[in-house]
$ cat coords15.txt   # compact mmCIF, C-alpha atoms
# COMPACT_ATOMS: atom_id res chain seq x y z
CA MET A 1 -32.13 7.48 -23.20
CA LYS A 2 -30.24 10.74 -23.24
CA ARG A 3 -27.81 11.69 -20.46
CA LEU A 4 -30.08 14.30 -18.96
CA GLU A 5 -33.10 12.01 -18.92
CA LYS A 6 -31.08 9.32 -17.12
CA ILE A 7 -30.05 11.84 -14.48
CA ARG A 8 -33.62 13.07 -14.04
CA THR A 9 -34.94 9.52 -13.74
CA ALA A 10 -32.33 8.59 -11.12
CA LEU A 11 -33.40 11.35 -8.70
CA ARG A 12 -35.23 9.73 -5.79
CA ASP A 13 -38.42 11.33 -4.54
CA VAL A 14 -38.60 11.23 -0.74
CA PRO A 15 -42.01 12.39 0.53
CA ASP A 16 -42.40 14.52 3.66
CA PHE A 17 -38.73 15.49 3.96
CA PRO A 18 -37.52 17.66 5.61
CA LYS A 19 -41.11 18.24 6.77
CA PRO A 20 -44.65 17.07 5.98
CA GLY A 21 -45.90 18.03 2.52
CA ILE A 22 -42.46 18.48 0.92
CA LEU A 23 -41.38 16.07 -1.82
CA PHE A 24 -37.59 16.01 -1.55
CA LYS A 25 -35.42 15.33 -4.60
CA ASP A 26 -32.68 13.00 -3.31
CA ILE A 27 -29.51 13.40 -5.38
CA THR A 28 -27.53 10.58 -3.73
CA PRO A 29 -28.45 7.98 -6.41
CA ILE A 30 -26.77 10.25 -8.96
CA LEU A 31 -23.65 10.75 -6.86
CA SER A 32 -23.18 7.05 -6.22
CA ASP A 33 -23.27 6.10 -9.91
CA PRO A 34 -19.97 7.02 -11.62
CA LEU A 35 -21.60 7.39 -15.05
CA LEU A 36 -24.42 9.61 -13.80
CA PHE A 37 -22.12 11.66 -11.57
CA GLY A 38 -19.66 12.06 -14.44
CA ASP A 39 -22.41 13.07 -16.88
CA THR A 40 -23.83 15.56 -14.36
CA ILE A 41 -20.46 17.25 -13.95
CA ASP A 42 -19.85 17.21 -17.72
CA LEU A 43 -23.26 18.80 -18.37
CA MET A 44 -22.79 21.40 -15.64
CA ALA A 45 -19.40 22.22 -17.21
CA GLU A 46 -21.05 22.52 -20.64
CA MET A 47 -23.45 25.12 -19.19
CA ALA A 48 -20.41 27.43 -18.94
CA GLN A 49 -19.31 26.88 -22.55
CA GLY A 50 -18.09 30.07 -24.17
CA LYS A 51 -17.55 31.79 -20.82
CA LYS A 52 -14.14 32.39 -19.25
CA ILE A 53 -14.19 30.76 -15.80
CA ASP A 54 -11.34 31.39 -13.34
CA PHE A 55 -12.90 29.91 -10.21
CA VAL A 56 -15.77 27.68 -9.20
CA ALA A 57 -17.43 28.63 -5.91
CA GLY A 58 -19.56 26.11 -3.99
CA ILE A 59 -21.98 26.70 -1.14
CA GLU A 60 -21.72 24.48 1.97
CA ALA A 61 -22.50 21.61 2.01
CA ARG A 62 -23.95 19.94 -1.11
CA GLY A 63 -22.52 22.70 -3.30
CA PHE A 64 -19.05 21.48 -2.27
CA ILE A 65 -19.72 18.16 -4.02
CA PHE A 66 -20.63 19.69 -7.38
CA GLY A 67 -18.34 22.70 -7.07
CA ALA A 68 -15.19 20.72 -6.33
CA ALA A 69 -15.79 18.19 -9.11
CA LEU A 70 -16.60 21.03 -11.54
CA ALA A 71 -13.48 22.95 -10.56
CA ARG A 72 -11.34 19.92 -11.43
CA LYS A 73 -13.26 19.36 -14.68
CA LEU A 74 -12.76 23.01 -15.72
CA ASN A 75 -9.22 23.07 -14.29
CA CYS A 76 -10.14 26.03 -12.06
CA GLY A 77 -9.57 26.87 -8.44
CA PHE A 78 -12.34 26.05 -5.96
CA VAL A 79 -13.62 28.54 -3.36
CA PRO A 80 -15.82 27.34 -0.49
CA ILE A 81 -18.66 29.59 0.70
CA ARG A 82 -19.33 28.45 4.23
CA LYS A 83 -21.62 28.65 7.22
CA PRO A 84 -20.60 31.24 9.82
CA GLY A 85 -17.52 30.55 11.94
CA LYS A 86 -16.08 27.84 9.69
CA LEU A 87 -13.59 29.81 7.60
CA PRO A 88 -10.46 30.60 9.61
CA TYR A 89 -9.23 33.80 7.94
CA LYS A 90 -10.84 37.26 7.50
CA THR A 91 -14.30 36.91 5.96
CA TYR A 92 -17.19 38.83 4.45
CA LYS A 93 -20.59 37.73 5.71
CA ALA A 94 -24.03 37.93 4.04
CA GLU A 95 -27.40 37.35 5.67
CA TYR A 96 -30.41 35.91 3.89
CA ALA A 97 -34.00 35.28 4.88
CA LEU A 98 -35.33 31.83 5.76
CA GLU A 99 -39.01 30.91 6.06
CA TYR A 100 -38.66 31.85 9.71
CA GLY A 101 -35.71 34.05 10.66
CA THR A 102 -32.38 34.50 8.90
CA ASP A 103 -29.18 32.59 8.21
CA SER A 104 -25.79 33.68 6.93
CA ILE A 105 -22.81 32.55 4.88
CA GLU A 106 -19.20 33.67 4.65
CA VAL A 107 -16.34 33.83 2.18
CA HIS A 108 -12.67 34.62 2.72
CA GLN A 109 -11.96 38.27 1.85
CA ASP A 110 -8.94 37.20 -0.22
CA ALA A 111 -10.71 34.31 -1.94
CA PHE A 112 -10.62 35.84 -5.43
CA PRO A 113 -8.28 38.24 -7.22
CA LYS A 114 -10.03 41.44 -8.42
CA GLY A 115 -11.95 40.91 -11.64
CA ALA A 116 -11.87 37.11 -11.47
CA SER A 117 -14.68 35.37 -13.32
CA VAL A 118 -16.61 32.96 -11.08
CA TYR A 119 -18.98 30.03 -11.69
CA LEU A 120 -21.19 29.68 -8.61
CA ALA A 121 -22.43 26.07 -8.48
CA ASP A 122 -25.08 24.47 -6.31
CA ASP A 123 -27.35 21.46 -6.43
CA LEU A 124 -30.73 23.16 -5.99
CA LEU A 125 -32.36 26.46 -6.88
CA ALA A 126 -35.34 26.79 -4.53
CA THR A 127 -36.21 30.29 -3.26
CA GLY A 128 -32.81 31.62 -4.38
CA GLY A 129 -31.97 33.32 -1.10
CA THR A 130 -28.71 31.48 -0.47
CA ALA A 131 -27.48 31.81 -4.04
CA ALA A 132 -28.30 35.54 -4.11
CA ALA A 133 -26.34 36.02 -0.88
CA ALA A 134 -23.42 33.99 -2.29
CA ALA A 135 -23.42 36.02 -5.53
CA GLY A 136 -23.31 39.20 -3.45
CA LEU A 137 -20.29 37.90 -1.53
CA ILE A 138 -18.43 37.11 -4.74
CA GLN A 139 -19.05 40.67 -5.97
CA LYS A 140 -18.04 42.13 -2.60
CA CYS A 141 -14.65 40.43 -3.11
CA GLY A 142 -14.28 42.34 -6.41
CA ALA A 143 -14.95 39.29 -8.59
CA GLU A 144 -17.64 38.77 -11.24
CA VAL A 145 -20.40 36.17 -11.30
CA ALA A 146 -20.05 34.67 -14.77
CA LEU A 147 -22.68 32.00 -14.16
CA ILE A 148 -24.85 30.54 -11.42
CA GLY A 149 -25.40 26.90 -12.34
CA PHE A 150 -27.73 24.41 -10.65
CA LEU A 151 -28.42 20.73 -11.08
CA ILE A 152 -32.12 21.18 -10.18
CA GLU A 153 -34.41 24.19 -10.34
CA LEU A 154 -37.80 24.24 -8.59
CA SER A 155 -39.29 26.85 -10.90
CA PHE A 156 -42.58 27.19 -8.95
CA LEU A 157 -40.56 28.79 -6.11
CA GLN A 158 -39.46 31.56 -8.51
CA GLY A 159 -35.88 31.65 -7.26
CA ARG A 160 -34.73 33.23 -10.54
CA GLU A 161 -36.48 36.42 -9.48
CA LYS A 162 -33.91 36.88 -6.70
CA LEU A 163 -31.03 36.18 -9.10
CA LYS A 164 -32.13 38.22 -12.08
CA GLU A 165 -29.00 40.38 -12.17
CA ASN A 166 -26.97 37.22 -12.86
CA PRO A 167 -26.79 34.65 -15.66
CA VAL A 168 -28.57 31.54 -14.30
CA ARG A 169 -28.74 28.06 -15.81
CA SER A 170 -30.06 24.77 -14.49
CA LEU A 171 -29.90 21.24 -15.85
CA ILE A 172 -33.27 19.95 -14.68
CA THR A 173 -36.41 21.98 -13.96
CA PHE A 174 -39.46 20.88 -11.98
CA MET B 1 10.13 21.95 -5.59
CA LYS B 2 8.20 18.69 -5.51
CA ARG B 3 4.41 18.57 -5.70
CA LEU B 4 3.98 17.58 -2.08
CA GLU B 5 6.33 20.28 -0.82
CA LYS B 6 4.41 22.91 -2.80
CA ILE B 7 1.16 21.77 -1.23
CA ARG B 8 2.64 21.79 2.28
CA THR B 9 4.10 25.26 1.76
CA ALA B 10 0.74 26.63 0.51
CA LEU B 11 -1.14 25.68 3.69
CA ARG B 12 -1.86 28.86 5.63
CA ASP B 13 -1.28 28.85 9.39
CA VAL B 14 -4.06 30.75 11.19
CA PRO B 15 -3.27 31.19 14.90
CA ASP B 16 -5.94 30.93 17.61
CA PHE B 17 -8.60 29.34 15.38
CA PRO B 18 -11.13 27.98 16.20
CA LYS B 19 -10.00 28.89 19.72
CA PRO B 20 -6.98 30.37 21.52
CA GLY B 21 -3.84 28.26 21.38
CA ILE B 22 -4.79 26.30 18.25
CA LEU B 23 -2.75 26.81 15.06
CA PHE B 24 -5.21 26.07 12.27
CA LYS B 25 -4.03 24.70 8.92
CA ASP B 26 -6.09 26.59 6.34
CA ILE B 27 -6.50 24.52 3.16
CA THR B 28 -8.26 27.21 1.09
CA PRO B 29 -5.03 28.41 -0.63
CA ILE B 30 -4.65 24.86 -2.00
CA LEU B 31 -8.23 24.64 -3.22
CA SER B 32 -8.10 27.99 -5.00
CA ASP B 33 -4.99 27.09 -7.03
CA PRO B 34 -5.89 24.72 -9.88
CA LEU B 35 -2.39 23.22 -10.01
CA LEU B 36 -2.20 22.59 -6.27
CA PHE B 37 -5.77 21.32 -6.05
CA GLY B 38 -5.16 19.04 -9.03
CA ASP B 39 -1.90 17.72 -7.57
CA THR B 40 -3.59 17.11 -4.20
CA ILE B 41 -6.33 15.05 -5.81
CA ASP B 42 -3.81 13.18 -7.97
CA LEU B 43 -1.66 12.36 -4.94
CA MET B 44 -4.66 11.31 -2.85
CA ALA B 45 -5.69 9.05 -5.76
CA GLU B 46 -2.17 7.60 -5.90
CA MET B 47 -2.46 6.65 -2.21
CA ALA B 48 -5.04 4.05 -3.34
CA GLN B 49 -2.81 2.58 -6.04
CA GLY B 50 -3.09 -1.20 -6.23
CA LYS B 51 -6.39 -1.23 -4.33
CA LYS B 52 -9.76 -1.85 -5.95
CA ILE B 53 -11.97 1.15 -5.13
CA ASP B 54 -15.71 1.06 -5.91
CA PHE B 55 -16.79 4.17 -4.00
CA VAL B 56 -15.30 7.22 -2.39
CA ALA B 57 -17.05 8.36 0.80
CA GLY B 58 -16.62 11.90 2.11
CA ILE B 59 -17.49 13.35 5.51
CA GLU B 60 -19.47 16.62 5.67
CA ALA B 61 -18.36 19.25 4.94
CA ARG B 62 -14.69 19.59 3.88
CA GLY B 63 -14.55 15.87 3.09
CA PHE B 64 -17.10 16.53 0.34
CA ILE B 65 -14.57 18.70 -1.48
CA PHE B 66 -11.85 16.06 -1.57
CA GLY B 67 -14.18 13.08 -1.80
CA ALA B 68 -16.15 14.35 -4.79
CA ALA B 69 -13.04 15.35 -6.75
CA LEU B 70 -11.40 12.02 -5.89
CA ALA B 71 -14.47 10.06 -6.96
CA ARG B 72 -14.36 11.71 -10.39
CA LYS B 73 -10.60 11.14 -10.63
CA LEU B 74 -11.00 7.43 -9.79
CA ASN B 75 -14.22 7.18 -11.82
CA CYS B 76 -16.09 5.93 -8.73
CA GLY B 77 -19.40 6.76 -7.15
CA PHE B 78 -19.42 9.28 -4.30
CA VAL B 79 -21.24 8.68 -1.01
CA PRO B 80 -21.82 11.59 1.40
CA ILE B 81 -21.59 10.92 5.15
CA ARG B 82 -23.62 13.70 6.72
CA LYS B 83 -24.55 15.48 9.90
CA PRO B 84 -27.78 14.24 11.50
CA GLY B 85 -31.07 15.07 9.77
CA LYS B 86 -29.57 15.97 6.41
CA LEU B 87 -29.95 12.71 4.49
CA PRO B 88 -33.55 12.20 3.36
CA TYR B 89 -33.78 8.39 3.18
CA LYS B 90 -33.33 5.65 5.81
CA THR B 91 -30.01 6.09 7.60
CA TYR B 92 -27.59 4.45 10.01
CA LYS B 93 -26.24 6.79 12.65
CA ALA B 94 -22.98 6.70 14.63
CA GLU B 95 -22.05 8.79 17.65
CA TYR B 96 -18.54 9.91 18.47
CA ALA B 97 -16.98 11.79 21.37
CA LEU B 98 -15.99 15.44 21.20
CA GLU B 99 -13.81 17.26 23.71
CA TYR B 100 -17.04 18.11 25.51
CA GLY B 101 -20.09 15.97 24.69
CA THR B 102 -20.83 13.95 21.56
CA ASP B 103 -21.75 14.47 17.93
CA SER B 104 -23.07 12.10 15.29
CA ILE B 105 -23.02 11.37 11.57
CA GLU B 106 -25.29 9.40 9.25
CA VAL B 107 -25.15 7.44 6.02
CA HIS B 108 -27.96 6.11 3.83
CA GLN B 109 -28.61 2.44 4.59
CA ASP B 110 -28.57 1.64 0.85
CA ALA B 111 -25.50 3.75 0.09
CA PHE B 112 -23.27 0.78 -0.83
CA PRO B 113 -23.90 -2.66 -2.30
CA LYS B 114 -22.71 -5.50 -0.02
CA GLY B 115 -18.97 -6.09 -0.26
CA ALA B 116 -18.22 -2.78 -2.00
CA SER B 117 -14.69 -1.49 -1.50
CA VAL B 118 -14.66 2.06 -0.14
CA TYR B 119 -12.05 4.83 0.03
CA LEU B 120 -12.99 7.12 2.93
CA ALA B 121 -11.48 10.56 2.26
CA ASP B 122 -11.16 13.58 4.51
CA ASP B 123 -8.97 16.63 4.79
CA LEU B 124 -7.69 16.23 8.35
CA LEU B 125 -6.84 13.41 10.74
CA ALA B 126 -6.94 14.95 14.21
CA THR B 127 -8.24 12.78 17.08
CA GLY B 128 -9.73 10.29 14.61
CA GLY B 129 -13.18 10.17 16.22
CA THR B 130 -15.17 11.23 13.17
CA ALA B 131 -13.24 8.99 10.78
CA ALA B 132 -13.63 5.99 13.10
CA ALA B 133 -17.38 6.60 13.28
CA ALA B 134 -17.56 6.95 9.48
CA ALA B 135 -15.58 3.71 8.97
CA GLY B 136 -18.01 1.96 11.31
CA LEU B 137 -20.96 3.22 9.27
CA ILE B 138 -19.43 1.94 6.02
CA GLN B 139 -18.98 -1.49 7.61
CA LYS B 140 -22.52 -1.43 9.02
CA CYS B 141 -23.74 -1.05 5.42
CA GLY B 142 -21.91 -4.28 4.55
CA ALA B 143 -19.11 -2.56 2.67
CA GLU B 144 -15.35 -2.68 3.28
CA VAL B 145 -13.01 0.16 4.16
CA ALA B 146 -10.21 -0.25 1.62
CA LEU B 147 -8.44 2.94 2.66
CA ILE B 148 -8.87 5.99 4.86
CA GLY B 149 -6.95 8.79 3.17
CA PHE B 150 -6.23 12.26 4.55
CA LEU B 151 -4.59 15.35 3.18
CA ILE B 152 -3.19 16.30 6.61
CA GLU B 153 -2.42 14.23 9.70
CA LEU B 154 -1.75 15.85 13.08
CA SER B 155 0.26 12.91 14.40
CA PHE B 156 0.65 14.32 17.92
CA LEU B 157 -3.10 13.79 18.42
CA GLN B 158 -2.62 10.06 17.79
CA GLY B 159 -5.74 9.69 15.66
CA ARG B 160 -4.30 6.54 14.05
CA GLU B 161 -4.86 4.75 17.34
CA LYS B 162 -8.62 5.01 16.84
CA LEU B 163 -8.33 3.78 13.24
CA LYS B 164 -5.91 0.94 13.70
CA GLU B 165 -8.23 -1.70 12.27
CA ASN B 166 -8.16 0.17 8.96
CA PRO B 167 -5.51 1.00 6.36
CA VAL B 168 -4.70 4.70 6.87
CA ARG B 169 -2.59 7.01 4.72
CA SER B 170 -2.00 10.73 4.78
CA LEU B 171 -0.20 13.07 2.40
CA ILE B 172 1.24 15.54 4.90
CA THR B 173 2.09 14.94 8.56
CA PHE B 174 2.65 17.53 11.27
$ encode --input "coords15.txt" --output "structure tokens"
Amino acid sequence: MKRLEKIRTALRDVPDFPKPGILFKDITPILSDPLLFGDTIDLMAEMAQGKKIDFVAGIEARGFIFGAALARKLNCGFVPIRKPGKLPYKTYKAEYALEYGTDSIEVHQDAFPKGASVYLADDLLATGGTAAAAAGLIQKCGAEVALIGFLIELSFLQGREKLKENPVRSLITF
Amino acid sequence: MKRLEKIRTALRDVPDFPKPGILFKDITPILSDPLLFGDTIDLMAEMAQGKKIDFVAGIEARGFIFGAALARKLNCGFVPIRKPGKLPYKTYKAEYALEYGTDSIEVHQDAFPKGASVYLADDLLATGGTAAAAAGLIQKCGAEVALIGFLIELSFLQGREKLKENPVRSLITF
């Protein structure tokens, strides 16, 4: 079985989480297996092949897991994009729509040098709202989004529509 | 300058965060520098030298950054210990005291095989409440806490007192 097929097979379907009718893709069986976790990070690194990457940015919280491991793999710096009030220094903030209401994320204003080339990594592309907000923050800092890379894409939610100004890749599509 | 001294020097002091009178140690300048981030992970891996480590566990959210990178470095599985309601499968929950009130964390009940040897990693040892709760969860799963490793220890808060049944190491002490 190929690496990608092993990763896909290891995802655990949890019905009715976080609410009735949703089939949640649990990534913890991948994280807890060193071969699968290693292959996932290797494959997410390969998605950036041919691109110059200066920084990996990860979105709180699951994006920290993939982003930090990817940053080490690519020998880049890691920049956390966090929920409001968590970053201690001066920040830029971006709002995005939820099913009901809005949420927001922040990045340090001095997180990237001007013109830096950034790989934004996250586990899941659903509606794309969070990733679009994160990409906007990276650009507001004067850096460039070289790639937005996901482990899983739920293509029926059409998240790519919100990200169409950016290069987007995902390992596994449902 | 030695690796550890470079890491210590790169920490950014942010006064009055998250509230007046607190001098916050901002770790983002370490994360964003590939040499410093790499050295930090190498040194945190060296803290476990001579111990058998099967899994690295990280506490949401900053512990995910160090835990995931450490798990790849040590070629171990990574187990996330999360805020309530975030993990989709059956969980164990542990409460711990805050300055005012309580908070809690969860781990998947099947996160570790019985007898697994676990390195619990986090960025900061302050009062030790969260780490003690996390260590208890690991043991409740039937696994063993081989090491609790921190990047920073605020020794004047005496967090080691709460962790004294466990081996504890930290890279930098204030």
$ residues_near_point --input "coords15.txt" --point "(-40.0, 13.5, 1.7)" --cutoff "10 Å" --atoms "only C-alpha atoms" --output "MDAnalysis selection string"
(chainID A and resid 12:26) or (chainID B and resid 88:89)
$ closest_atom_pairs --input "coords15.txt" --of "chain A" --to "chain B" --cutoff "7 Å" --atoms "all atoms listed in the file" --output "JSON lines"
{"residue": "A:Val14", "atom": "CA", "partner": "B:Pro88", "partner_atom": "CA", "distance": 6.6}
{"residue": "A:Phe17", "atom": "CA", "partner": "B:Pro88", "partner_atom": "CA", "distance": 6.2}
{"residue": "A:Asp26", "atom": "CA", "partner": "B:Pro88", "partner_atom": "CA", "distance": 6.8}
{"residue": "A:Leu31", "atom": "CA", "partner": "B:Phe78", "partner_atom": "CA", "distance": 5.2}
{"residue": "A:Ser32", "atom": "CA", "partner": "B:Gly77", "partner_atom": "CA", "distance": 3.9}
{"residue": "A:Asp33", "atom": "CA", "partner": "B:Gly77", "partner_atom": "CA", "distance": 4.8}
{"residue": "A:Pro34", "atom": "CA", "partner": "B:Gly77", "partner_atom": "CA", "distance": 4.5}
{"residue": "A:Gly38", "atom": "CA", "partner": "B:Arg72", "partner_atom": "CA", "distance": 6.7}
{"residue": "A:Glu60", "atom": "CA", "partner": "B:Ala61", "partner_atom": "CA", "distance": 6.9}
{"residue": "A:Ala61", "atom": "CA", "partner": "B:Ala61", "partner_atom": "CA", "distance": 5.6}
{"residue": "A:Phe64", "atom": "CA", "partner": "B:Ile65", "partner_atom": "CA", "distance": 5.3}
{"residue": "A:Ile65", "atom": "CA", "partner": "B:Ala68", "partner_atom": "CA", "distance": 5.3}
{"residue": "A:Ala68", "atom": "CA", "partner": "B:Ile65", "partner_atom": "CA", "distance": 5.3}
{"residue": "A:Ala69", "atom": "CA", "partner": "B:Ala69", "partner_atom": "CA", "distance": 4.6}
{"residue": "A:Arg72", "atom": "CA", "partner": "B:Gly38", "partner_atom": "CA", "distance": 6.7}
{"residue": "A:Asn75", "atom": "CA", "partner": "B:Pro34", "partner_atom": "CA", "distance": 5.8}
{"residue": "A:Cys76", "atom": "CA", "partner": "B:Pro34", "partner_atom": "CA", "distance": 5.0}
{"residue": "A:Gly77", "atom": "CA", "partner": "B:Ser32", "partner_atom": "CA", "distance": 3.9}
{"residue": "A:Phe78", "atom": "CA", "partner": "B:Ser32", "partner_atom": "CA", "distance": 4.8}
{"residue": "A:Val79", "atom": "CA", "partner": "B:Ser32", "partner_atom": "CA", "distance": 5.8}
{"residue": "A:Pro88", "atom": "CA", "partner": "B:Phe17", "partner_atom": "CA", "distance": 6.2}
{"residue": "A:Tyr89", "atom": "CA", "partner": "B:Val14", "partner_atom": "CA", "distance": 6.8}
$ write_last_selection --input "coords15.txt" --atoms "C-alpha atoms" --output "short mmCIF file (atom, residue, chain, number, x, y, z; two decimals), in the coordinates of the input"
data_model
loop_
_atom_site.label_atom_id
_atom_site.label_comp_id
_atom_site.auth_asym_id
_atom_site.auth_seq_id
_atom_site.Cartn_x
_atom_site.Cartn_y
_atom_site.Cartn_z
CA VAL A 14 -38.60 11.23 -0.74
CA PHE A 17 -38.73 15.49 3.96
CA ASP A 26 -32.68 13.00 -3.31
CA LEU A 31 -23.65 10.75 -6.86
CA SER A 32 -23.18 7.05 -6.22
CA ASP A 33 -23.27 6.10 -9.91
CA PRO A 34 -19.97 7.02 -11.62
CA GLY A 38 -19.66 12.06 -14.44
CA GLU A 60 -21.72 24.48 1.97
CA ALA A 61 -22.50 21.61 2.01
CA PHE A 64 -19.05 21.48 -2.27
CA ILE A 65 -19.72 18.16 -4.02
CA ALA A 68 -15.19 20.72 -6.33
CA ALA A 69 -15.79 18.19 -9.11
CA ARG A 72 -11.34 19.92 -11.43
CA ASN A 75 -9.22 23.07 -14.29
CA CYS A 76 -10.14 26.03 -12.06
CA GLY A 77 -9.57 26.87 -8.44
CA PHE A 78 -12.34 26.05 -5.96
CA VAL A 79 -13.62 28.54 -3.36
CA PRO A 88 -10.46 30.60 9.61
CA TYR A 89 -9.23 33.80 7.94
#
$ atom_distance --input "coords15.txt" --atom1 "atom CA of Lys83 of chain B" --atom2 "atom CA of Leu11 of chain B"
26.3 Å
$ atom_distance --input "coords15.txt" --atom1 "atom CA of Pro167 of chain B" --atom2 "atom CA of Ile59 of chain B"
17.2 Å
$ residues_around --input "coords15.txt" --residues "Gln139 of chain A" --least-positions-apart "4" --cutoff "10 Å" --atoms "all atoms listed in the file" --output "list in words"
Phe112, Lys114, Gly115, Ala116, Val118, Ala134, Ala135, Ala143, Glu144 and Val145 of chain A
$ build_atoms --input "coords15.txt" --residues "segment 9-23 of chain B" --atoms "N, CA, C and O atoms" --output "compact mmCIF listing (two decimals), in the coordinates of the input"
# COMPACT_ATOMS: atom_id res chain seq x y z
N THR B 9 3.72 23.85 1.62
CA THR B 9 4.10 25.26 1.76
C THR B 9 2.89 26.19 1.59
O THR B 9 2.84 27.26 2.19
N ALA B 10 1.90 25.77 0.78
CA ALA B 10 0.74 26.63 0.51
C ALA B 10 -0.27 26.64 1.65
O ALA B 10 -1.11 27.54 1.72
N LEU B 11 -0.23 25.66 2.54
CA LEU B 11 -1.14 25.68 3.69
C LEU B 11 -0.91 26.96 4.48
O LEU B 11 0.24 27.36 4.71
N ARG B 12 -1.98 27.60 4.90
CA ARG B 12 -1.86 28.86 5.63
C ARG B 12 -2.10 28.62 7.13
O ARG B 12 -3.16 28.11 7.51
N ASP B 13 -1.13 28.98 7.94
CA ASP B 13 -1.28 28.85 9.39
C ASP B 13 -2.11 30.01 9.93
O ASP B 13 -1.75 31.17 9.73
N VAL B 14 -3.22 29.72 10.57
CA VAL B 14 -4.06 30.75 11.19
C VAL B 14 -4.04 30.51 12.70
O VAL B 14 -4.59 29.52 13.18
N PRO B 15 -3.37 31.41 13.45
CA PRO B 15 -3.27 31.19 14.90
C PRO B 15 -4.59 31.43 15.61
O PRO B 15 -5.42 32.21 15.14
N ASP B 16 -4.79 30.72 16.72
CA ASP B 16 -5.94 30.93 17.61
C ASP B 16 -7.28 30.70 16.91
O ASP B 16 -8.26 31.38 17.18
N PHE B 17 -7.34 29.73 16.00
CA PHE B 17 -8.60 29.34 15.38
C PHE B 17 -8.73 27.83 15.47
O PHE B 17 -7.77 27.14 15.17
N PRO B 18 -9.90 27.27 15.82
CA PRO B 18 -11.13 27.98 16.20
C PRO B 18 -11.14 28.52 17.63
O PRO B 18 -12.11 29.16 18.01
N LYS B 19 -10.05 28.28 18.39
CA LYS B 19 -10.00 28.89 19.72
C LYS B 19 -8.56 29.15 20.12
O LYS B 19 -7.63 28.62 19.48
N PRO B 20 -8.35 29.98 21.14
CA PRO B 20 -6.98 30.37 21.52
C PRO B 20 -6.06 29.17 21.71
O PRO B 20 -6.46 28.17 22.31
N GLY B 21 -4.85 29.31 21.19
CA GLY B 21 -3.84 28.26 21.38
C GLY B 21 -3.79 27.24 20.26
O GLY B 21 -2.87 26.43 20.20
N ILE B 22 -4.78 27.26 19.37
CA ILE B 22 -4.79 26.30 18.25
C ILE B 22 -4.24 26.98 16.99
O ILE B 22 -4.65 28.09 16.64
N LEU B 23 -3.29 26.30 16.33
CA LEU B 23 -2.75 26.81 15.06
C LEU B 23 -3.44 26.04 13.94
O LEU B 23 -3.16 24.87 13.70
